[in-house]
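Notes to accompany the following structure.
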Amino acid sequence: MRNDLILLCLAYVLSQFFRAFLAVLTQVLEADIGATPADLAFASGLWFLVFAAMQIPVGAALDSIGPRRTAAVLLLVGGGGGAALFAMATAPIHVVIAMALLGVGCAPVLMASYFIFARTYPPARFATLAALMLGVGSVGNLIAAYPTAWAAETIGWRATLWVLAAISSVIAMGLWAKVQDPPKAESSEQGSVFDLLKIPALWFLFPLMFVNYMPAAGIRGLWIGPYLSDTFALDTGQIGQATLVMGVAMILGTFCYGPADRIFGTRKWVIITGSLTGAGALACLTVFTDTGSIQSILMMSVVGFCGAAFPVLIAHARSFFPEHLTGRGVTLMNLFGIGGVGVMQFGSGKLHNAIAPTDSLLAYQTLFGIMAALILIGALIYCFSQDRMD
């Protein structure tokens, strides 16, 4: 792999880490600065919404100035600066602002890679390359699990964040030095995201893109911690181990989805099968919420595995993009995918706050049930999409 892609992969490791590490710090942040699960749900949701909102300017920047400057500058300011602010937090509002900054910093890194893939490699390889980047980068999901719990208990969560601020800054400077911008599209057309919204075929993909990643990211990034703590009284170390298991399942799912479209000759039915399986696991969590911690962790791992269809959905959508709108296209799909998680995190925090004081178990049953219903609705609409291979 090229050096610039290795650096982008390392940057994406950070992106995966920052979207997921709050779940492991739930107890220490509540003890040190009074951050409740609802505060952290808001902060996590803001990360996803800011990340999603940034996709529009990021897409325009990729098409106009290229991935090098776009990824390097935003990661330095948002990633390095956001982690430093988090390390100095003394109140929940500081965590909220830091997570928003981190959302800005992480917004361009995966899409910069996808932009390079789309402009440099044959279209038929896009899904496999996209899944490979996603899978390898998802190591950050694992680091955000048990290793983070260990670091928080060993050197403290503040020192851990300072280390991450330094790593983010070094990688950002490496991106500036090493990333190679691909040649600009030959078309003289400029276009905008509105041209993409005029493509009817994409509207059958948007709903599932909006909800597909929502349960996996929402549970892994936040709710697995409070759920296992409240329902089964697991401690920080045990929660770290559980999130590690779910993180591994998400990575395995990514690697399995990547080549599946070429193996089975279809993108549509690979994605539908995974969506229905994930919805079934969420239904089991809804019905058997307090049956046993091992069973619950297993079902959450199935949700994580099945929620990894992200690169195949983007590859499906990419087959409809005009070349000169590649950057805007992949970031538009990312906006839907990450925006859905942000909306869920905001809504789930309010829902949990409303129900948990009187019935903690019912609060989690409601969350899992809503997630299952949303996946089923998205998959139903997606059934009417045009199955298209490159």
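In the structure tokens, the first chain shown is A, the next is B, and so on; residue numbers restart at 1 for each chain, and ligands run from 1 in the order shown.
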
Shell of 7 Å around stretch 98-102 of chain A, only C-alpha atoms, local chain residues under 5 positions omitted, as an NGL selection string: :A and (43-44 or 46-47 or 50 or 78-79 or 82-83 or 85-86)

What's around A:Gly174 at 12 Å? Count only C-alpha atoms, leave out sequence neighbours fewer than 3 positions away in its own chain, and write the answer as a PyMOL selection string. chain A and resi 3-11+68-69+71-73+75-76+167-171+177-180

Which neighbours of A:Ala260 fall inside 10 Å, counting only C-alpha atoms, when residues of the same chain fewer than 2 positions from it are skipped, and could you give them as a short mmCIF file (atom, residue, chain, number, x, y, z; two decimals) with C-alpha atoms, in the first residue's frame?
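Dumped to selection.cif:
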data_model
loop_
_atom_site.label_atom_id
_atom_site.label_comp_id
_atom_site.auth_asym_id
_atom_site.auth_seq_id
_atom_site.Cartn_x
_atom_site.Cartn_y
_atom_site.Cartn_z
CA ALA A 127 -15.97 -2.01 -2.66
CA THR A 128 -13.08 -4.32 -1.73
CA PHE A 255 -13.89 -7.82 5.64
CA CYS A 256 -16.75 -10.23 4.84
CA TYR A 257 -18.91 -7.57 3.17
CA GLY A 258 -16.04 -6.19 1.06
CA ARG A 262 -18.23 -9.92 -6.44
CA ILE A 263 -18.56 -13.41 -4.91
CA PHE A 264 -22.38 -13.47 -5.12
CA GLY A 265 -22.77 -11.15 -8.11
CA THR A 266 -25.12 -8.80 -6.26
CA ARG A 267 -24.85 -5.86 -3.93
CA VAL A 270 -25.98 -9.07 0.21
CA ILE A 271 -27.00 -5.87 1.97
CA VAL A 312 -20.86 -1.85 -0.14
#

All helix (DSSP H, G or I) residues (DSSP, backbone) inside stretch 176-226 of chain A, as a ChimeraX atom specification: /A:176-178,193-197,200-204,206-212,214-226

Name all residues at most 10 Å from A:His316 (count only C-alpha atoms; drop same-chain ones fewer than 5 positions away) and give them as number ranges by chain. A: 126-127, 202, 205, 261, 266-268, 310-311, 321, 385-390

Could you pull the residues within 12 Å of stretch 227-241 of chain A, counting only C-alpha atoms, minus those fewer than 5 positions along the same chain, as a PyMOL selection string? chain A and resi 20-29+37+141-154+218-222+246-248+285+288-297+300+352+356-357+359-365+367-368

Just want the 9 Å neighbourhood of stretch 120-125 of chain A, counted on only C-alpha atoms, with same-chain residues fewer than 5 positions away dropped. Output as a ChimeraX atom specification. /A:115,130,182-183,259,262,315,318-319,389-390

Can you spit out the residues from that selection as a compact mmCIF listing (two decimals), in the first residue's frame, using N, CA and C atoms?
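The file below, result-v2.txt, is the result:
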# COMPACT_ATOMS: atom_id res chain seq x y z
N PHE A 115 -11.98 8.80 -2.08
CA PHE A 115 -11.80 9.68 -3.24
C PHE A 115 -10.60 9.20 -4.07
N ALA A 130 -12.46 -0.19 -0.36
CA ALA A 130 -13.15 0.60 0.66
C ALA A 130 -13.34 -0.21 1.93
N PRO A 182 -4.84 12.85 -6.49
CA PRO A 182 -5.01 12.25 -7.82
C PRO A 182 -5.30 13.34 -8.85
N PRO A 183 -5.15 13.04 -10.15
CA PRO A 183 -5.46 14.03 -11.19
C PRO A 183 -6.92 14.46 -11.11
N PRO A 259 -15.68 -8.23 -0.28
CA PRO A 259 -15.68 -8.97 -1.55
C PRO A 259 -17.01 -9.66 -1.85
N ARG A 262 -18.82 -9.22 -5.28
CA ARG A 262 -18.23 -9.92 -6.44
C ARG A 262 -18.40 -11.43 -6.33
N ALA A 315 -20.34 1.78 -2.49
CA ALA A 315 -19.99 1.27 -3.82
C ALA A 315 -21.22 1.19 -4.71
N ARG A 318 -21.98 4.69 -5.70
CA ARG A 318 -20.96 5.24 -6.58
C ARG A 318 -21.20 4.87 -8.04
N SER A 319 -21.84 3.73 -8.28
CA SER A 319 -22.09 3.31 -9.66
C SER A 319 -23.04 4.27 -10.39
N MET A 389 -23.92 -3.51 -10.56
CA MET A 389 -22.51 -3.82 -10.37
C MET A 389 -21.67 -3.01 -11.36
N ASP A 390 -20.39 -2.78 -11.02
CA ASP A 390 -19.51 -2.04 -11.93
C ASP A 390 -18.98 -2.97 -13.01

Nearest to A:Gly378, chosen from A:Asn212, A:Gln16, A:Thr36, A:Thr70, with only C-alpha atoms counted in the distances: A:Asn212

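You will find atom CA of A:Gly307 at 28.3 Å from atom CA of A:Arg2.
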
So which one's closest to A:Ala216, A:Ala53, A:Val303, A:Ala201, A:Ala379? Using only C-alpha atoms, please.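 Distance minimum relative to A:Ala216 lands on A:Val303.
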
Atom CA of A:Ala107 to atom CA of A:Val139, distance in Å rounded to a single decimal: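 Atom CA of A:Ala107 sits 17.6 Å away from atom CA of A:Val139.
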
Distance query A:Met111 at most 12 Å, only C-alpha atoms, self and fewer than 3 positions along chain excluded, as an NGL selection string: :A and (5 or 8-9 or 11-12 or 15 or 51-52 or 54-63 or 66-68 or 70-71 or 106-108 or 114-118 or 130 or 133-134 or 311 or 314 or 326-335)

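Atom CA of A:Leu252 to atom CA of A:Gly342 spans 23.8 Å [interatomic distance, one decimal].
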